[in-house]
$ cat work32.txt   # compact mmCIF, C-alpha atoms and all ligand atoms
# COMPACT_ATOMS: atom_id res chain seq x y z
CA MET A 1017 58.71 -32.06 16.69
CA HIS A 1018 57.00 -35.40 16.12
CA SER A 1019 58.22 -37.61 13.33
CA LYS A 1020 55.52 -39.05 11.08
CA HIS A 1021 55.98 -42.41 12.79
CA SER A 1022 55.43 -41.11 16.30
CA LEU A 1023 51.80 -40.23 15.56
CA HIS A 1024 49.19 -42.61 16.88
CA PRO A 1025 47.26 -43.94 13.84
CA ARG A 1026 44.02 -42.48 15.23
CA ALA A 1027 45.58 -39.08 15.92
CA ARG A 1028 45.19 -37.88 12.38
CA VAL A 1029 44.45 -34.27 11.63
CA PRO A 1030 41.61 -33.53 9.17
CA ARG A 1031 42.98 -33.94 5.71
CA VAL A 1032 42.63 -31.19 3.20
CA ALA A 1033 43.19 -31.66 -0.49
CA GLY A 1034 46.55 -30.43 -1.64
CA GLY A 1035 48.55 -29.99 -4.83
CA SER A 1036 47.07 -31.24 -8.05
CA ASP A 1037 44.03 -32.62 -6.27
CA LYS A 1038 43.13 -29.21 -4.88
CA LYS A 1039 43.43 -27.82 -8.40
CA LEU A 1040 41.16 -30.56 -9.78
CA GLN A 1041 38.60 -29.84 -7.08
CA ASP A 1042 38.68 -26.10 -7.70
CA ASP A 1043 38.28 -26.67 -11.45
CA LEU A 1044 35.30 -28.93 -10.79
CA LYS A 1045 33.65 -26.37 -8.54
CA GLU A 1046 34.12 -23.71 -11.18
CA SER A 1047 32.94 -25.75 -14.13
CA GLY A 1048 29.40 -26.31 -12.82
CA ASN A 1049 27.20 -27.37 -9.91
CA ILE A 1050 28.45 -29.95 -7.47
CA PRO A 1051 25.62 -32.47 -6.95
CA VAL A 1052 23.92 -31.95 -3.60
CA HIS A 1053 23.24 -35.66 -3.18
CA ILE A 1054 25.27 -38.50 -4.70
CA ALA A 1055 24.16 -42.12 -4.35
CA ILE A 1056 26.52 -44.98 -5.18
CA ILE A 1057 25.97 -48.66 -5.96
CA MET A 1058 29.38 -50.07 -5.11
CA ASP A 1059 29.66 -53.11 -7.35
CA GLY A 1060 32.42 -55.43 -8.53
CA ASN A 1061 34.34 -56.27 -5.35
CA GLY A 1062 34.10 -60.00 -6.03
CA ARG A 1063 35.18 -59.72 -9.64
CA TRP A 1064 38.08 -57.42 -8.70
CA ALA A 1065 39.32 -60.11 -6.31
CA LYS A 1066 38.70 -62.98 -8.74
CA SER A 1067 40.64 -61.25 -11.50
CA ARG A 1068 43.63 -61.24 -9.13
CA GLY A 1069 43.17 -64.82 -7.92
CA LEU A 1070 42.20 -63.54 -4.46
CA PRO A 1071 39.28 -64.50 -2.20
CA ARG A 1072 36.16 -62.31 -2.52
CA ILE A 1073 36.73 -60.74 0.88
CA ALA A 1074 39.95 -59.20 -0.42
CA GLY A 1075 37.80 -57.22 -2.86
CA HIS A 1076 35.52 -56.03 -0.06
CA LYS A 1077 38.56 -55.01 1.99
CA GLU A 1078 40.01 -52.98 -0.87
CA GLY A 1079 36.50 -51.56 -1.33
CA VAL A 1080 36.77 -49.95 2.11
CA GLU A 1081 39.77 -47.96 0.77
CA SER A 1082 37.56 -46.68 -2.05
CA VAL A 1083 34.88 -45.74 0.47
CA ARG A 1084 37.43 -43.77 2.49
CA ASP A 1085 38.77 -41.86 -0.51
CA THR A 1086 35.32 -41.16 -1.96
CA VAL A 1087 33.91 -39.93 1.37
CA GLU A 1088 36.90 -37.68 1.92
CA ALA A 1089 36.74 -36.18 -1.58
CA CYS A 1090 32.95 -35.65 -1.37
CA GLY A 1091 33.40 -33.77 1.90
CA GLN A 1092 36.14 -31.61 0.42
CA ILE A 1093 34.19 -30.55 -2.67
CA GLY A 1094 31.02 -29.74 -0.74
CA VAL A 1095 28.68 -32.64 -1.53
CA LYS A 1096 25.94 -32.47 1.12
CA TYR A 1097 24.66 -36.06 1.08
CA LEU A 1098 26.40 -39.27 0.05
CA THR A 1099 24.40 -42.50 0.19
CA LEU A 1100 26.36 -45.74 -0.16
CA TYR A 1101 24.65 -49.06 -0.89
CA ALA A 1102 26.80 -51.15 1.43
CA PHE A 1103 24.54 -54.16 2.00
CA SER A 1104 21.20 -54.87 0.35
CA THR A 1105 18.26 -56.87 1.66
CA GLU A 1106 19.09 -59.40 -1.08
CA ASN A 1107 22.73 -59.69 0.06
CA TRP A 1108 21.53 -61.81 3.02
CA LYS A 1109 21.10 -64.61 0.46
CA ARG A 1110 24.87 -64.84 -0.12
CA PRO A 1111 26.81 -67.76 1.38
CA HIS A 1112 26.81 -67.53 5.17
CA GLU A 1113 30.60 -67.24 5.29
CA GLU A 1114 30.68 -64.21 2.99
CA VAL A 1115 27.88 -62.49 4.92
CA SER A 1116 29.62 -62.97 8.23
CA MET A 1117 32.96 -61.76 6.83
CA LEU A 1118 31.25 -58.69 5.38
CA MET A 1119 29.62 -57.96 8.73
CA ARG A 1120 32.96 -58.27 10.50
CA LEU A 1121 34.58 -55.98 7.93
CA LEU A 1122 31.82 -53.44 8.36
CA MET A 1123 32.18 -53.52 12.12
CA ARG A 1124 35.93 -53.04 11.92
CA ALA A 1125 35.65 -50.28 9.32
CA LEU A 1126 33.18 -48.40 11.52
CA ARG A 1127 35.42 -48.84 14.54
CA ASP A 1128 38.59 -47.74 12.71
CA GLU A 1129 37.15 -44.91 10.64
CA THR A 1130 34.78 -43.12 13.02
CA ASP A 1131 37.44 -40.86 14.54
CA ARG A 1132 38.69 -39.85 11.15
CA LEU A 1133 35.15 -39.22 9.89
CA HIS A 1134 34.51 -37.11 12.97
CA GLN A 1135 37.69 -35.10 12.46
CA ASN A 1136 36.58 -34.48 8.89
CA ASN A 1137 33.21 -33.12 10.12
CA VAL A 1138 31.27 -36.02 8.51
CA ARG A 1139 27.92 -36.97 10.02
CA VAL A 1140 27.23 -40.71 9.79
CA GLN A 1141 23.65 -41.94 9.43
CA ALA A 1142 22.10 -45.21 8.32
CA ILE A 1143 19.08 -46.34 6.37
CA GLY A 1144 17.74 -49.88 6.20
CA GLU A 1145 16.54 -52.60 8.52
CA ILE A 1146 19.25 -51.91 11.09
CA SER A 1147 17.70 -54.27 13.68
CA SER A 1148 18.52 -57.22 11.39
CA LEU A 1149 22.29 -56.55 11.62
CA PRO A 1150 24.39 -58.45 14.16
CA ARG A 1151 24.39 -56.77 17.58
CA GLU A 1152 28.10 -55.81 17.37
CA VAL A 1153 27.59 -54.07 14.02
CA GLN A 1154 24.57 -52.21 15.39
CA ASP A 1155 26.64 -51.09 18.38
CA GLU A 1156 29.49 -49.73 16.24
CA LEU A 1157 27.00 -48.05 13.95
CA LEU A 1158 25.12 -46.41 16.81
CA ASP A 1159 28.42 -45.23 18.29
CA ALA A 1160 29.41 -43.66 14.96
CA ILE A 1161 26.00 -42.02 14.58
CA GLU A 1162 26.08 -40.70 18.14
CA LYS A 1163 29.67 -39.46 17.99
CA THR A 1164 29.19 -37.57 14.72
CA LYS A 1165 25.63 -36.30 15.21
CA THR A 1166 26.54 -32.62 15.57
CA ASN A 1167 28.87 -32.54 12.55
CA THR A 1168 27.93 -30.09 9.84
CA GLY A 1169 29.91 -31.29 6.81
CA LEU A 1170 29.07 -34.22 4.56
CA ASN A 1171 26.08 -36.36 5.59
CA LEU A 1172 27.12 -39.95 4.95
CA PHE A 1173 24.20 -42.37 4.72
CA LEU A 1174 25.09 -46.05 4.89
CA ALA A 1175 22.38 -48.19 3.31
CA LEU A 1176 22.54 -51.44 5.29
CA SER A 1177 20.09 -54.28 4.90
CA TYR A 1178 18.35 -51.78 2.66
CA SER A 1179 16.16 -52.14 -0.39
CA GLY A 1180 13.89 -49.68 -2.17
CA ARG A 1181 10.92 -52.02 -1.87
CA TRP A 1182 11.54 -52.43 1.86
CA ASP A 1183 11.56 -48.62 2.14
CA LEU A 1184 8.33 -48.22 0.16
CA THR A 1185 6.62 -50.99 2.11
CA GLY A 1186 7.45 -49.20 5.36
CA ALA A 1187 6.13 -45.93 3.97
CA VAL A 1188 2.86 -47.53 2.84
CA ARG A 1189 2.42 -49.13 6.27
CA GLY A 1190 3.03 -45.82 8.03
CA ILE A 1191 0.61 -43.96 5.80
CA ALA A 1192 -2.07 -46.67 6.13
CA ALA A 1193 -1.77 -46.45 9.92
CA GLU A 1194 -2.24 -42.68 9.82
CA VAL A 1195 -5.35 -43.10 7.67
CA LEU A 1196 -6.72 -45.73 10.07
CA GLU A 1197 -6.10 -43.46 13.04
CA GLY A 1198 -7.98 -40.69 11.21
CA LYS A 1199 -4.92 -38.40 11.12
CA ILE A 1200 -5.14 -38.02 7.33
CA THR A 1201 -7.63 -38.86 4.59
CA PRO A 1202 -6.64 -40.92 1.50
CA GLU A 1203 -7.07 -37.73 -0.56
CA GLU A 1204 -4.30 -36.08 1.41
CA ILE A 1205 -1.76 -38.67 0.25
CA ASP A 1206 0.51 -36.91 -2.22
CA GLU A 1207 4.13 -37.21 -3.37
CA PRO A 1208 5.69 -35.01 -0.66
CA LEU A 1209 3.80 -37.04 1.99
CA ILE A 1210 5.15 -40.30 0.59
CA SER A 1211 8.70 -38.85 0.53
CA ARG A 1212 8.34 -37.88 4.18
CA HIS A 1213 7.49 -41.47 5.10
CA LEU A 1214 10.61 -42.93 3.47
CA SER A 1215 13.85 -43.54 5.33
CA THR A 1216 15.33 -40.56 3.45
CA ALA A 1217 12.74 -38.07 4.81
CA ASN A 1218 14.22 -34.54 4.86
CA VAL A 1219 16.99 -35.48 2.42
CA SER A 1220 16.77 -34.18 -1.14
CA ASP A 1221 16.59 -36.87 -3.82
CA PRO A 1222 19.92 -37.95 -5.36
CA ASP A 1223 21.07 -35.71 -8.21
CA LEU A 1224 23.58 -38.29 -9.36
CA LEU A 1225 23.57 -42.09 -9.13
CA ILE A 1226 26.92 -43.77 -9.74
CA ARG A 1227 27.17 -47.50 -10.34
CA THR A 1228 30.50 -49.23 -10.77
CA SER A 1229 31.52 -52.37 -12.71
CA GLY A 1230 29.58 -51.51 -15.85
CA GLU A 1231 26.28 -53.13 -14.83
CA LEU A 1232 23.11 -51.37 -15.97
CA ARG A 1233 20.74 -52.00 -13.06
CA ILE A 1234 19.24 -50.13 -10.12
CA SER A 1235 19.21 -53.33 -8.01
CA ASN A 1236 16.36 -52.32 -5.70
CA PHE A 1237 18.22 -49.23 -4.45
CA LEU A 1238 16.41 -45.93 -3.81
CA LEU A 1239 13.50 -46.73 -6.13
CA TRP A 1240 11.30 -43.72 -5.38
CA GLN A 1241 14.12 -41.27 -4.76
CA LEU A 1242 15.98 -41.96 -8.03
CA ALA A 1243 13.07 -40.80 -10.22
CA TYR A 1244 15.00 -37.85 -11.70
CA SER A 1245 18.61 -38.74 -10.88
CA GLU A 1246 21.27 -38.61 -13.54
CA ILE A 1247 22.92 -42.02 -13.90
CA TYR A 1248 26.65 -42.51 -14.38
CA ILE A 1249 27.98 -45.99 -15.03
CA SER A 1250 31.65 -46.48 -14.37
CA ASP A 1251 33.34 -49.48 -15.94
CA CYS A 1252 35.83 -49.90 -13.12
CA PHE A 1253 35.26 -52.30 -10.25
CA TRP A 1254 34.50 -50.63 -6.92
CA PRO A 1255 37.95 -51.36 -5.40
CA ASP A 1256 39.48 -49.41 -8.33
CA PHE A 1257 37.12 -46.46 -7.87
CA ARG A 1258 39.01 -43.52 -6.37
CA ARG A 1259 38.47 -39.77 -6.27
CA ASN A 1260 39.58 -39.19 -9.87
CA GLU A 1261 36.77 -41.43 -11.10
CA LEU A 1262 34.39 -39.52 -8.82
CA TYR A 1263 35.53 -36.27 -10.43
CA ASN A 1264 34.91 -37.81 -13.89
CA ALA A 1265 31.36 -38.71 -12.83
CA ILE A 1266 30.69 -35.19 -11.55
CA ALA A 1267 32.17 -33.59 -14.66
CA ASP A 1268 29.89 -35.80 -16.76
CA TYR A 1269 26.92 -34.80 -14.60
CA GLN A 1270 27.75 -31.14 -15.12
CA ARG A 1271 27.46 -31.62 -18.89
CA ARG A 1272 23.92 -33.00 -18.63
CA GLU A 1273 20.80 -30.91 -18.99
CA ARG A 1274 18.28 -31.89 -16.35
CA ARG A 1275 14.89 -31.26 -17.92
CA PHE A 1276 12.58 -33.02 -15.44
CA GLY A 1277 10.17 -33.87 -18.26
CA MET A 1278 10.19 -30.36 -19.73
CA VAL A 1279 11.81 -28.97 -22.86
CA SER A 1280 15.11 -27.15 -22.98
CA GLU A 1281 13.60 -23.74 -23.80
CA GLN A 1282 11.40 -23.81 -20.70
CA LEU A 1283 14.46 -24.36 -18.54
CA GLN A 1284 16.35 -21.48 -20.14
CA LYS A 1285 13.38 -19.14 -19.64
CA GLY A 1286 12.91 -20.41 -16.07
CA LYS A 1287 16.58 -19.79 -15.27
CA ARG A 1288 16.25 -16.18 -16.39
CA ARG A 1289 13.30 -15.80 -14.01
CA GLY A 1290 15.05 -17.17 -10.93
CA ASN A 1291 16.14 -20.51 -9.66
CA PHE A 1292 13.45 -22.57 -11.33
CA VAL A 1293 15.24 -25.93 -11.06
CA ASP A 1294 15.74 -25.48 -7.31
CA ARG A 1295 12.04 -24.78 -6.82
CA PHE A 1296 11.12 -27.77 -8.97
CA LEU A 1297 13.42 -30.08 -6.99
CA LYS A 1298 11.94 -28.88 -3.71
CA ASN A 1299 8.49 -29.79 -4.99
CA VAL A 1300 9.37 -33.26 -6.25
CA SER A 1301 11.37 -34.31 -3.21
CA GLY A 1302 8.90 -32.96 -0.66
C1 LIG B 1 29.35 -55.42 -4.22
O1 LIG B 1 30.36 -56.20 -4.82
C2 LIG B 1 29.72 -54.98 -2.89
C3 LIG B 1 29.11 -55.33 -1.71
C4 LIG B 1 27.95 -56.21 -1.66
C5 LIG B 1 29.59 -54.87 -0.40
C6 LIG B 1 30.10 -53.47 -0.34
C7 LIG B 1 30.88 -53.33 0.89
C8 LIG B 1 32.02 -52.64 1.02
C9 LIG B 1 32.64 -51.85 -0.05
C10 LIG B 1 32.77 -52.68 2.30
C11 LIG B 1 32.18 -51.99 3.49
C12 LIG B 1 31.54 -50.72 3.30
C13 LIG B 1 31.61 -49.65 4.11
C14 LIG B 1 30.58 -48.60 3.99
C15 LIG B 1 32.67 -49.44 5.11
P1 LIG B 1 30.04 -57.71 -5.21
O2 LIG B 1 30.47 -58.58 -4.08
O3 LIG B 1 28.60 -57.83 -5.57
O4 LIG B 1 30.94 -57.90 -6.45
P2 LIG B 1 30.67 -58.87 -7.72
O5 LIG B 1 29.44 -58.37 -8.39
O6 LIG B 1 31.89 -58.71 -8.54
O7 LIG B 1 30.51 -60.26 -7.17
$ encode --input "work32.txt" --output "structure tokens" --more "lines below"
Ligand code: FPP
Amino acid sequence: MHSKHSLHPRARVPRVAGGSDKKLQDDLKESGNIPVHIAIIMDGNGRWAKSRGLPRIAGHKEGVESVRDTVEACGQIGVKYLTLYAFSTENWKRPHEEVSMLMRLLMRALRDETDRLHQNNVRVQAIGEISSLPREVQDELLDAIEKTKTNTGLNLFLALSYSGRWDLTGAVRGIAAEVLEGKITPEEIDEPLISRHLSTANVSDPDLLIRTSGELRISNFLLWQLAYSEIYISDCFWPDFRRNELYNAIADYQRRERRFGMVSEQLQKGKRRGNFVDRFLKNVSG
């Protein structure tokens, strides 16, 4: 029999939740709906590092640990889509040194984590202006996407060089081109059509948006897609965010009543008549 130390670090078996964590997950599944799509603005890496007298990159590095734990827990509880805001269009304006360290970290994280993601049945995808990333990052990303493309568990979307306005601009361009080519008329432009032209086409809109570090901003994230998302602000910095904080966010989400502009009584009546909320969500997210 192998000792723990004889295992190659990559030769990990898929991890399943055990002990008290399994119990927490089961309780969460029983207490209400698990959000289909969770989007996260991972904020506070720099401040986490500063508060410890460490360089900013130390915060980003610890942030990768939070990514790992959050992805794993989301997969285990049955979240279908997880979108992580890993690098925004605006982040290119940071000091050159920080940008290049972040890119290197991203490349290494993709290289080191892809096998584990694959073993955990996670499908990796990306949204954003991927062609603007350094070649080596693009290569690792494409490898991860290719390797995991037939996985059927959690769909992990990495938002890289992404912004909501970039996404909407691309959609408007695509639609304008179709009008010019005579494929559609301006009258045929409706909300589902716009959704289909965004980088998140075929993905339901986020049910829950989590932002860490206590800031109250959307920061140019999924501007169109967040129209009806429930927002949960966590006070902890991203490197301190682990699965227990994720469970708190989901438990909070389960206590909300999602009215989509209607009144409570309509929802109660609708529920008695069938899955009204599901039909409504299908309509708004195209
Ligand atoms: C925000 O903190 C965080 C980022 C801009 C980068 C997030 C990147 C990671 C967590 C690492 C790589 C990710 C993956 C998907 C492997 P901040 O620097 O804005 O913090 P501050 O507001 O305290 O300065």
$ closest_residue --input "work32.txt" --among "A:Leu1044, A:Leu1283, A:Ile1249, A:Ala1187" --to "Leu1232 of chain A" --atoms "all atoms listed in the file"
A:Ile1249
$ atom_distance --input "work32.txt" --atom1 "atom CA of Ile1057 of chain A" --atom2 "atom CA of Pro1150 of chain A"
22.4 Å
$ atom_distance --input "work32.txt" --atom1 "atom CA of Pro1051 of chain A" --atom2 "atom CA of Ala1125 of chain A"
26.1 Å
$ residues_around --input "work32.txt" --residues "Leu1149 of chain A" --least-positions-apart "6" --cutoff "9 Å" --atoms "only C-alpha atoms" --output "list in words"
Met1119, Leu1176 and Ser1177 of chain A
$ residues_near_point --input "work32.txt" --point "(35.8, -59.8, -7.3)" --cutoff "12 Å" --atoms "all atoms listed in the file" --output "PyMOL selection string"
chain A and resi 1058-1079+1229+1252-1256
$ closest_residue --input "work32.txt" --among "A:Leu1172, A:Ile1050, A:Ala1033, A:Cys1090" --to "ligand LIG 1 (chain B)" --atoms "only C-alpha atoms and all ligand atoms"
A:Leu1172
$ closest_residue --input "work32.txt" --among "A:Glu1145, A:Glu1207, A:Glu1246, A:Asp1042" --to "Arg1227 of chain A" --atoms "all atoms listed in the file"
A:Glu1246
$ closest_residue --input "work32.txt" --among "A:Leu1157, A:Ile1056, A:Val1032, A:Leu1214" --to "Thr1228 of chain A" --atoms "all atoms listed in the file"
A:Ile1056
$ residues_around --input "work32.txt" --residues "Ile1234 of chain A" --least-positions-apart "5" --cutoff "10 Å" --atoms "only C-alpha atoms" --output "list in words"
Ile1057, Gly1180, Leu1225, Ile1226, Arg1227, Leu1239, Leu1242 and Ile1247 of chain A
$ residues_around --input "work32.txt" --residues "Val1153 of chain A" --least-positions-apart "6" --cutoff "10 Å" --atoms "all atoms listed in the file" --output "list in words"
Met1119, Arg1120, Leu1121, Leu1122, Met1123, Arg1124, Leu1126, Arg1127, Ile1146, Ser1147 and Asp1159 of chain A
$ closest_residue --input "work32.txt" --among "A:Ile1266, A:Ile1161, A:Leu1238, A:Ala1175" --to "Ala1102 of chain A" --atoms "only C-alpha atoms"
A:Ala1175
$ closest_residue --input "work32.txt" --among "A:Leu1040, A:Ala1267, A:Ala1055, A:Val1080" --to "ligand LIG 1 (chain B)" --atoms "only C-alpha atoms and all ligand atoms"
A:Val1080
$ atom_distance --input "work32.txt" --atom1 "atom CA of Glu1261 of chain A" --atom2 "atom CA of Lys1045 of chain A"
15.6 Å
$ residues_around --input "work32.txt" --residues "segment 1189-1204 of chain A" --least-positions-apart "5" --cutoff "10 Å" --atoms "all atoms listed in the file" --output "JSON, numbers by chain"
{"A": [1184, 1209, 1210, 1212, 1213, 1214]}
$ residues_around --input "work32.txt" --residues "segment 1270-1272 of chain A" --least-positions-apart "5" --cutoff "8 Å" --atoms "all atoms listed in the file" --output "list in words"
Ser1047, Gly1048, Asn1049 and Ile1050 of chain A
$ decode --input "work32.txt" --residues "segment 1067-1142 of chain A" --atoms "C-alpha atoms" --output "CSV table (one decimal), in the first residue's frame"
chain,number,residue,atom,x,y,z
A,1067,SER,CA,-2.5,43.9,6.4
A,1068,ARG,CA,0.2,41.2,6.9
A,1069,GLY,CA,3.1,43.3,5.6
A,1070,LEU,CA,3.4,41.1,2.5
A,1071,PRO,CA,3.8,42.1,-1.1
A,1072,ARG,CA,0.5,42.2,-3.1
A,1073,ILE,CA,1.4,39.1,-5.1
A,1074,ALA,CA,1.3,37.1,-1.8
A,1075,GLY,CA,-2.4,38.0,-1.6
A,1076,HIS,CA,-3.0,36.8,-5.2
A,1077,LYS,CA,-1.2,33.6,-4.4
A,1078,GLU,CA,-3.3,32.9,-1.4
A,1079,GLY,CA,-6.3,33.8,-3.6
A,1080,VAL,CA,-5.6,30.8,-5.7
A,1081,GLU,CA,-6.2,28.6,-2.6
A,1082,SER,CA,-9.6,30.3,-2.2
A,1083,VAL,CA,-10.4,29.6,-5.9
A,1084,ARG,CA,-9.5,25.9,-5.4
A,1085,ASP,CA,-11.6,25.5,-2.4
A,1086,THR,CA,-14.6,27.4,-3.8
A,1087,VAL,CA,-14.5,25.5,-7.1
A,1088,GLU,CA,-14.3,22.2,-5.3
A,1089,ALA,CA,-17.2,23.0,-3.0
A,1090,CYS,CA,-19.4,24.4,-5.8
A,1091,GLY,CA,-18.9,21.1,-7.8
A,1092,GLN,CA,-19.7,19.0,-4.7
A,1093,ILE,CA,-23.0,20.8,-4.0
A,1094,GLY,CA,-24.2,20.8,-7.6
A,1095,VAL,CA,-23.7,24.4,-8.7
A,1096,LYS,CA,-23.9,24.2,-12.5
A,1097,TYR,CA,-22.0,27.4,-13.5
A,1098,LEU,CA,-19.4,29.4,-11.6
A,1099,THR,CA,-18.0,32.6,-13.1
A,1100,LEU,CA,-14.9,34.1,-11.5
A,1101,TYR,CA,-13.8,37.6,-12.3
A,1102,ALA,CA,-10.1,36.9,-12.4
A,1103,PHE,CA,-8.8,39.8,-14.5
A,1104,SER,CA,-10.8,42.8,-15.7
A,1105,THR,CA,-10.2,45.0,-18.8
A,1106,GLU,CA,-9.4,47.7,-16.3
A,1107,ASN,CA,-6.8,45.6,-14.5
A,1108,TRP,CA,-4.4,46.2,-17.4
A,1109,LYS,CA,-3.9,49.7,-16.0
A,1110,ARG,CA,-2.2,48.3,-12.9
A,1111,PRO,CA,1.6,48.6,-12.6
A,1112,HIS,CA,3.4,46.5,-15.3
A,1113,GLU,CA,5.1,44.4,-12.6
A,1114,GLU,CA,1.9,43.4,-10.9
A,1115,VAL,CA,0.2,42.6,-14.2
A,1116,SER,CA,3.1,40.4,-15.3
A,1117,MET,CA,3.2,38.6,-11.9
A,1118,LEU,CA,-0.6,38.0,-12.1
A,1119,MET,CA,-0.2,36.6,-15.6
A,1120,ARG,CA,2.5,34.2,-14.4
A,1121,LEU,CA,0.5,33.2,-11.5
A,1122,LEU,CA,-2.5,32.5,-13.7
A,1123,MET,CA,-0.4,30.4,-16.1
A,1124,ARG,CA,1.0,28.4,-13.2
A,1125,ALA,CA,-2.4,27.9,-11.6
A,1126,LEU,CA,-3.8,26.6,-14.9
A,1127,ARG,CA,-0.9,24.3,-15.4
A,1128,ASP,CA,-1.0,22.9,-11.8
A,1129,GLU,CA,-4.7,22.7,-11.4
A,1130,THR,CA,-6.0,21.4,-14.7
A,1131,ASP,CA,-5.5,17.7,-13.8
A,1132,ARG,CA,-7.3,18.1,-10.5
A,1133,LEU,CA,-10.1,20.0,-12.2
A,1134,HIS,CA,-10.4,17.3,-14.8
A,1135,GLN,CA,-10.5,14.6,-12.1
A,1136,ASN,CA,-13.3,16.5,-10.4
A,1137,ASN,CA,-15.3,16.5,-13.6
A,1138,VAL,CA,-15.0,20.4,-13.9
A,1139,ARG,CA,-15.3,21.9,-17.4
A,1140,VAL,CA,-13.1,25.0,-17.8
A,1141,GLN,CA,-14.2,27.8,-20.1
A,1142,ALA,CA,-13.2,31.4,-20.5
